[in-house]
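Participant: Provided below: protein-v8.txt, containing compact mmCIF, C-alpha atoms.
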# COMPACT_ATOMS: atom_id res chain seq x y z
CA ALA A 28 -3.21 10.15 16.00
CA ALA A 29 -1.84 12.08 13.05
CA GLY A 30 -2.03 10.32 9.72
CA VAL A 31 -0.51 10.80 6.31
CA ILE A 32 -2.02 13.86 4.66
CA GLN A 33 -2.30 14.18 0.91
CA SER A 34 -3.45 17.13 -1.10
CA PRO A 35 -5.40 17.73 -3.12
CA ARG A 36 -7.90 14.90 -2.71
CA HIS A 37 -9.17 15.30 -6.25
CA LEU A 38 -7.60 16.86 -9.31
CA ILE A 39 -8.78 17.22 -12.86
CA LYS A 40 -6.27 18.16 -15.54
CA GLU A 41 -6.20 18.26 -19.30
CA LYS A 42 -3.80 16.29 -21.47
CA ARG A 43 -0.32 17.77 -21.64
CA GLU A 44 -0.84 19.80 -18.48
CA THR A 45 1.24 19.45 -15.33
CA ALA A 46 0.17 18.45 -11.82
CA THR A 47 1.79 18.53 -8.40
CA LEU A 48 0.68 16.22 -5.64
CA LYS A 49 1.70 16.80 -2.05
CA CYS A 50 2.24 14.41 0.83
CA TYR A 51 2.79 15.17 4.49
CA PRO A 52 4.03 12.07 6.34
CA ILE A 53 3.27 11.07 9.89
CA PRO A 54 5.46 13.13 12.25
CA ARG A 55 8.88 11.58 12.84
CA HIS A 56 8.49 9.19 9.90
CA ASP A 57 11.59 9.49 7.77
CA THR A 58 10.59 7.48 4.69
CA VAL A 59 7.99 8.39 2.09
CA TYR A 60 6.67 6.17 -0.71
CA TRP A 61 4.56 7.04 -3.74
CA TYR A 62 2.21 4.51 -5.33
CA GLN A 63 -0.09 4.66 -8.35
CA GLN A 64 -3.31 2.64 -8.39
CA GLY A 65 -5.15 2.47 -11.70
CA PRO A 66 -8.83 1.47 -11.87
CA GLY A 67 -9.20 -2.09 -10.66
CA GLN A 68 -5.45 -2.44 -10.23
CA ASP A 69 -3.17 -3.09 -7.30
CA PRO A 70 -0.96 -0.23 -6.10
CA GLN A 71 2.22 0.07 -8.13
CA PHE A 72 5.31 1.47 -6.47
CA LEU A 73 6.67 4.63 -8.10
CA ILE A 74 9.45 6.02 -5.94
CA SER A 75 10.55 6.43 -2.34
CA PHE A 76 12.64 8.81 -0.27
CA TYR A 77 14.57 8.37 2.92
CA GLU A 78 15.95 11.37 4.77
CA LYS A 79 15.31 13.59 1.74
CA MET A 80 17.29 11.37 -0.62
CA GLN A 81 15.80 9.11 -3.26
CA SER A 82 15.82 5.61 -1.86
CA ASP A 83 14.18 3.23 -4.32
CA LYS A 84 12.77 3.70 -7.78
CA GLY A 85 9.91 1.71 -9.22
CA SER A 86 7.82 2.18 -12.33
CA ILE A 87 7.86 5.96 -12.34
CA PRO A 88 7.67 7.45 -15.84
CA ASP A 89 10.37 9.88 -16.93
CA ARG A 90 7.66 12.57 -17.14
CA PHE A 91 7.26 12.35 -13.37
CA SER A 92 9.66 13.55 -10.73
CA ALA A 93 9.52 13.75 -6.98
CA GLN A 94 11.42 15.11 -4.05
CA GLN A 95 11.36 15.18 -0.29
CA PHE A 96 11.88 18.47 1.48
CA SER A 97 13.62 19.42 4.70
CA ASP A 98 10.34 19.17 6.64
CA TYR A 99 9.95 15.62 5.21
CA HIS A 100 6.95 16.44 3.09
CA SER A 101 7.14 15.16 -0.45
CA GLU A 102 5.84 16.34 -3.80
CA LEU A 103 5.19 14.33 -6.93
CA ASN A 104 5.45 16.43 -10.07
CA MET A 105 3.78 15.11 -13.19
CA SER A 106 4.26 16.73 -16.58
CA SER A 107 2.85 16.17 -20.08
CA LEU A 108 -0.09 14.37 -18.55
CA GLU A 109 -1.66 11.56 -20.52
CA LEU A 110 -5.10 9.99 -20.25
CA GLY A 111 -3.45 6.86 -18.86
CA ASP A 112 -2.13 8.82 -15.90
CA SER A 113 -5.66 8.94 -14.48
CA ALA A 114 -5.39 7.00 -11.25
CA LEU A 115 -5.40 7.15 -7.49
CA TYR A 116 -2.01 8.26 -6.20
CA PHE A 117 -1.10 7.18 -2.71
CA CYS A 118 1.60 8.39 -0.46
CA ALA A 119 2.76 6.27 2.46
CA SER A 120 5.23 6.89 5.24
CA SER A 121 7.15 4.68 7.61
CA LEU A 122 10.03 4.61 10.03
CA ARG A 123 13.49 3.48 9.05
CA GLN A 124 13.52 0.51 11.43
CA GLY A 125 13.13 -2.86 9.79
CA GLY A 126 9.74 -4.47 9.67
CA THR A 127 7.68 -1.41 10.30
CA GLU A 128 4.47 -1.07 8.37
CA ALA A 129 3.78 1.75 5.97
CA PHE A 130 0.83 4.02 6.69
CA PHE A 131 -1.07 5.28 3.70
CA GLY A 132 -2.77 8.56 3.01
CA GLN A 133 -6.27 8.82 1.56
CA GLY A 134 -4.87 9.32 -1.88
CA THR A 135 -5.23 11.90 -4.62
CA ARG A 136 -7.57 10.99 -7.43
CA LEU A 137 -6.17 12.41 -10.64
CA THR A 138 -8.39 12.54 -13.69
CA VAL A 139 -6.85 13.54 -16.99
CA VAL A 140 -9.34 14.62 -19.63
CA ALA B 15 12.47 -9.84 -7.39
CA GLN B 16 9.65 -10.19 -4.92
CA SER B 17 6.06 -11.01 -5.84
CA VAL B 18 2.71 -11.75 -4.28
CA ALA B 19 -0.15 -13.83 -5.64
CA GLN B 20 -3.75 -13.60 -4.54
CA PRO B 21 -5.44 -16.38 -6.53
CA GLU B 22 -9.01 -15.29 -5.84
CA ASP B 23 -10.45 -12.13 -7.38
CA GLN B 24 -13.46 -12.40 -5.08
CA VAL B 25 -14.44 -14.33 -1.98
CA ASN B 26 -18.08 -14.62 -0.94
CA VAL B 27 -19.03 -15.64 2.57
CA ALA B 28 -22.16 -15.47 4.69
CA GLU B 29 -22.15 -13.28 7.77
CA GLY B 30 -21.09 -15.24 10.84
CA ASN B 31 -19.13 -17.79 8.83
CA PRO B 32 -15.34 -18.02 8.91
CA LEU B 33 -13.46 -16.42 6.05
CA THR B 34 -10.09 -17.02 4.41
CA VAL B 35 -8.38 -14.81 1.86
CA LYS B 36 -5.41 -16.52 0.27
CA CYS B 37 -1.96 -15.13 -0.39
CA THR B 38 1.29 -16.70 -1.51
CA TYR B 39 4.58 -14.89 -1.89
CA SER B 40 7.98 -15.13 -3.46
CA VAL B 41 10.98 -13.34 -2.03
CA SER B 42 14.65 -13.99 -1.37
CA GLY B 43 15.35 -14.56 2.28
CA ASN B 44 12.92 -14.12 5.12
CA PRO B 45 9.93 -12.05 4.14
CA TYR B 46 8.10 -9.25 5.83
CA LEU B 47 4.41 -9.82 5.07
CA PHE B 48 1.49 -7.44 5.42
CA TRP B 49 -2.25 -7.31 4.90
CA TYR B 50 -4.03 -4.08 4.03
CA VAL B 51 -7.73 -3.38 3.51
CA GLN B 52 -9.15 -0.80 1.15
CA TYR B 53 -12.67 0.56 1.29
CA PRO B 54 -14.12 2.35 -1.79
CA ASN B 55 -12.31 5.59 -2.61
CA ARG B 56 -10.22 5.28 0.52
CA GLY B 57 -6.60 4.71 1.31
CA LEU B 58 -5.06 1.43 2.35
CA GLN B 59 -5.49 0.57 6.02
CA PHE B 60 -2.95 -1.65 7.74
CA LEU B 61 -4.42 -4.83 9.24
CA LEU B 62 -1.50 -6.93 10.39
CA LYS B 63 2.05 -8.00 9.68
CA TYR B 64 4.41 -10.91 10.06
CA ILE B 65 8.04 -10.15 10.75
CA THR B 66 9.26 -13.00 12.89
CA GLY B 67 8.08 -15.15 15.78
CA ASP B 68 4.74 -16.91 16.04
CA ASN B 69 3.34 -18.03 12.74
CA LEU B 70 -0.13 -16.89 13.73
CA VAL B 71 -0.38 -13.13 13.92
CA LYS B 72 -3.39 -11.21 15.16
CA GLY B 73 -4.40 -7.86 13.77
CA SER B 74 -7.12 -5.27 13.70
CA TYR B 75 -10.89 -5.93 13.62
CA GLY B 76 -10.51 -9.59 14.64
CA PHE B 77 -8.42 -10.58 11.65
CA GLU B 78 -5.50 -12.94 11.89
CA ALA B 79 -3.08 -14.48 9.43
CA GLU B 80 -1.02 -17.62 9.39
CA PHE B 81 2.50 -17.62 8.04
CA ASN B 82 3.53 -20.91 6.45
CA LYS B 83 7.12 -20.90 5.31
CA SER B 84 7.05 -24.28 3.57
CA GLN B 85 4.04 -23.29 1.50
CA THR B 86 5.17 -19.64 1.17
CA SER B 87 1.70 -18.57 2.19
CA PHE B 88 0.21 -15.91 4.42
CA HIS B 89 -3.54 -16.43 4.37
CA LEU B 90 -5.83 -13.93 6.06
CA LYS B 91 -8.53 -15.36 8.31
CA LYS B 92 -11.39 -14.32 10.53
CA PRO B 93 -13.49 -16.72 12.61
CA SER B 94 -16.78 -14.89 12.06
CA ALA B 95 -17.31 -12.51 9.14
CA LEU B 96 -19.26 -9.26 9.37
CA VAL B 97 -21.05 -7.44 6.56
CA SER B 98 -18.83 -4.45 7.34
CA ASP B 99 -15.77 -6.56 6.45
CA SER B 100 -16.77 -6.30 2.79
CA ALA B 101 -13.86 -4.54 1.10
CA LEU B 102 -10.79 -5.05 -1.05
CA TYR B 103 -7.94 -6.86 0.67
CA PHE B 104 -4.32 -6.64 -0.42
CA CYS B 105 -1.48 -8.87 0.64
CA ALA B 106 1.97 -7.28 0.42
CA VAL B 107 5.56 -8.37 0.82
CA ARG B 108 8.77 -6.57 1.53
CA GLY B 109 12.08 -8.33 1.23
CA PRO B 110 14.67 -8.14 3.97
CA SER B 111 17.63 -5.85 3.61
CA MET B 112 20.08 -4.09 5.82
CA ASP B 113 17.67 -1.21 5.95
CA THR B 114 14.20 -2.59 5.48
CA GLY B 115 12.49 0.60 6.48
CA ARG B 116 13.46 1.92 3.09
CA ARG B 117 12.09 -0.94 1.04
CA ALA B 118 8.88 -0.54 -0.85
CA LEU B 119 5.99 -2.97 -0.63
CA THR B 120 4.99 -5.21 -3.50
CA PHE B 121 1.25 -5.78 -3.52
CA GLY B 122 -0.87 -8.64 -4.74
CA SER B 123 -3.69 -8.01 -7.17
CA GLY B 124 -6.25 -7.78 -4.38
CA THR B 125 -9.22 -9.91 -3.36
CA ARG B 126 -12.67 -8.48 -3.03
CA LEU B 127 -14.42 -9.88 0.03
CA GLN B 128 -18.20 -9.85 -0.10
CA VAL B 129 -19.99 -10.77 3.12
CA GLN B 130 -23.67 -11.46 2.65
CA PRO B 131 -26.17 -10.78 5.45
Written as structure tokens, how would this file's structure read?
Facilitator:
Amino acid sequence: AAGVIQSPRHLIKEKRETATLKCYPIPRHDTVYWYQQGPGQDPQFLISFYEKMQSDKGSIPDRFSAQQFSDYHSELNMSSLELGDSALYFCASSLRQGGTEAFFGQGTRLTVV
Amino acid sequence: AQSVAQPEDQVNVAEGNPLTVKCTYSVSGNPYLFWYVQYPNRGLQFLLKYITGDNLVKGSYGFEAEFNKSQTSFHLKKPSALVSDSALYFCAVRGPSMDTGRRALTFGSGTRLQVQP
């Protein structure tokens, strides 16, 4: 079965650079979530989209932005990168119906040097 | 606001013994509860969920969890642990809403399960 696809899997950037992470949800899933997991931390919710509109907003810094496109894929844009942005970034997708579980991608490991 | 507590950073158990990973939650209204497992440098894999119905829910790889509303708990259990079960386990909660498919999960801090041969 198709899963959530994230690219790239690994990314190394320098401070103050920008990065774009991509997420391709499971086909027919209409909701996408972005999470950030720092070393030894639990995943922290950043932002979510439903039907290409922002749905919920969590602890996403102002330096980050995201959007969901007409084909339901989503991109997380990160600017003015800081060392503290180094983390594993997960994308998850789900269906609109209540109670459905979210399926997670493998994550993108971002290292800021 | 919704929250999840996993009181144990690590649980050690011998292979073949039963295991329990504890989770308590706080949410307004009836909760949707989930367990995920994470292997090193991997994404989160869904194990099981409680939405409504029987308090004992069965999931993947022989895991089950018991929902206890009075104790606001959702402990993960397995009758006989395997070495391959060693991983990081996250409990998560999502509060009910008119459109719960849009609600994000709140995760606990995770519990590392170590199963010794």
Participant: Give me the chain B side of the contact with chain A, cut-off 12 Å, one line per residue showing its nearest atom pair and distance in Å at one decimal, counting only C-alpha atoms, sorted by chain and residue number, as CSV.
Facilitator:
residue,atom,partner,partner_atom,distance
B:Ala15,CA,A:Gly85,CA,12.0
B:Ser17,CA,A:Gln71,CA,11.9
B:Val18,CA,A:Asp69,CA,10.9
B:Ala19,CA,A:Asp69,CA,11.3
B:Gln20,CA,A:Asp69,CA,10.9
B:Asp23,CA,A:Gly67,CA,10.6
B:Asn44,CA,A:Gly126,CA,11.1
B:Pro45,CA,A:Gly126,CA,9.4
B:Tyr46,CA,A:Gly126,CA,6.3
B:Leu47,CA,A:Gly126,CA,8.8
B:Phe48,CA,A:Glu128,CA,7.6
B:Trp49,CA,A:Glu128,CA,9.8
B:Tyr50,CA,A:Phe130,CA,9.8
B:Val51,CA,A:Phe131,CA,10.9
B:Gln52,CA,A:Gln133,CA,10.1
B:Tyr53,CA,A:Gln133,CA,10.5
B:Pro54,CA,A:Gln133,CA,10.7
B:Asn55,CA,A:Gln133,CA,8.0
B:Arg56,CA,A:Gln133,CA,5.4
B:Gly57,CA,A:Gln133,CA,4.1
B:Leu58,CA,A:Phe131,CA,5.7
B:Gln59,CA,A:Phe131,CA,6.9
B:Phe60,CA,A:Phe130,CA,6.9
B:Leu61,CA,A:Glu128,CA,9.7
B:Leu62,CA,A:Glu128,CA,8.6
B:Lys63,CA,A:Glu128,CA,7.5
B:Tyr64,CA,A:Gly126,CA,8.4
B:Ile65,CA,A:Gly126,CA,6.0
B:Thr66,CA,A:Gly126,CA,9.1
B:Leu102,CA,A:Asp69,CA,10.0
B:Tyr103,CA,A:Asp69,CA,10.0
B:Phe104,CA,A:Asp69,CA,7.8
B:Cys105,CA,A:Asp69,CA,10.0
B:Ala106,CA,A:Pro70,CA,10.0
B:Val107,CA,A:Gly126,CA,10.5
B:Arg108,CA,A:Gly126,CA,8.5
B:Gly109,CA,A:Gly126,CA,9.6
B:Pro110,CA,A:Gly125,CA,8.0
B:Ser111,CA,A:Gly125,CA,8.2
B:Met112,CA,A:Gly125,CA,8.1
B:Asp113,CA,A:Gly125,CA,6.2
B:Thr114,CA,A:Gly125,CA,4.4
B:Gly115,CA,A:Arg123,CA,4.0
B:Arg116,CA,A:Arg123,CA,6.2
B:Arg117,CA,A:Asp83,CA,7.1
B:Ala118,CA,A:Phe72,CA,7.0
B:Leu119,CA,A:Phe72,CA,7.4
B:Thr120,CA,A:Phe72,CA,7.3
B:Phe121,CA,A:Asp69,CA,6.4
B:Gly122,CA,A:Asp69,CA,6.5
B:Ser123,CA,A:Asp69,CA,4.9
B:Gly124,CA,A:Asp69,CA,6.3
B:Thr125,CA,A:Asp69,CA,9.9
B:Arg126,CA,A:Gly67,CA,10.5
Participant: Any chance you could work out the axis-aligned box around region 44-49 of chain A, listed atoms only, 3 Å on each side, giving centre and edge lengths in Å to one decimal, as JSON?
Facilitator:
{"center_x": 0.5, "center_y": 18.0, "center_z": -10.3, "size_x": 8.6, "size_y": 9.6, "size_z": 22.4}
Participant: Select, counting all atoms listed in the file, all protein, DNA and RNA residues no farther than 6 Å from (3.1, -15.9, -1.7) in file coordinates, and express the selection as a list in words.
Facilitator: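 Here the neighbourhood of the point contains Val18, Ala19, Cys37, Thr38, Tyr39, Ser40, Thr86 and Ser87 of chain B.
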Participant: So how far away is CA of Asn69 (chain B) from CA of Asn31 (chain B), in Å?
Facilitator: 22.8 Å
Participant: What is the distance, in Å and to one decimal place, between CA of Asn82 (chain B) and CA of Leu70 (chain B)?
Facilitator: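 Computing the Euclidean distance for CA of Asn82 (chain B) and CA of Leu70 (chain B) yields 9.1 Å.
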Participant: Ranking A:His56, A:Lys79, A:Lys40, A:Lys49 by minimum distance to Asn104 (chain A) and counting all atoms listed in the file, which one comes first?
Facilitator: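 For Asn104 (chain A), the nearest of the given residues is A:Lys49.
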Participant: Work out how far CA of Glu102 (chain A) is from CA of Pro54 (chain A), in Å to one decimal.
Facilitator: 16.4 Å
Participant: Between A:Arg36, A:Glu44, A:Ala29, A:Ser92, single out the one closest to Val140 (chain A), counting all atoms listed in the file.
Facilitator: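 The shortest atom-to-atom distance to Val140 (chain A) comes from A:Glu44.
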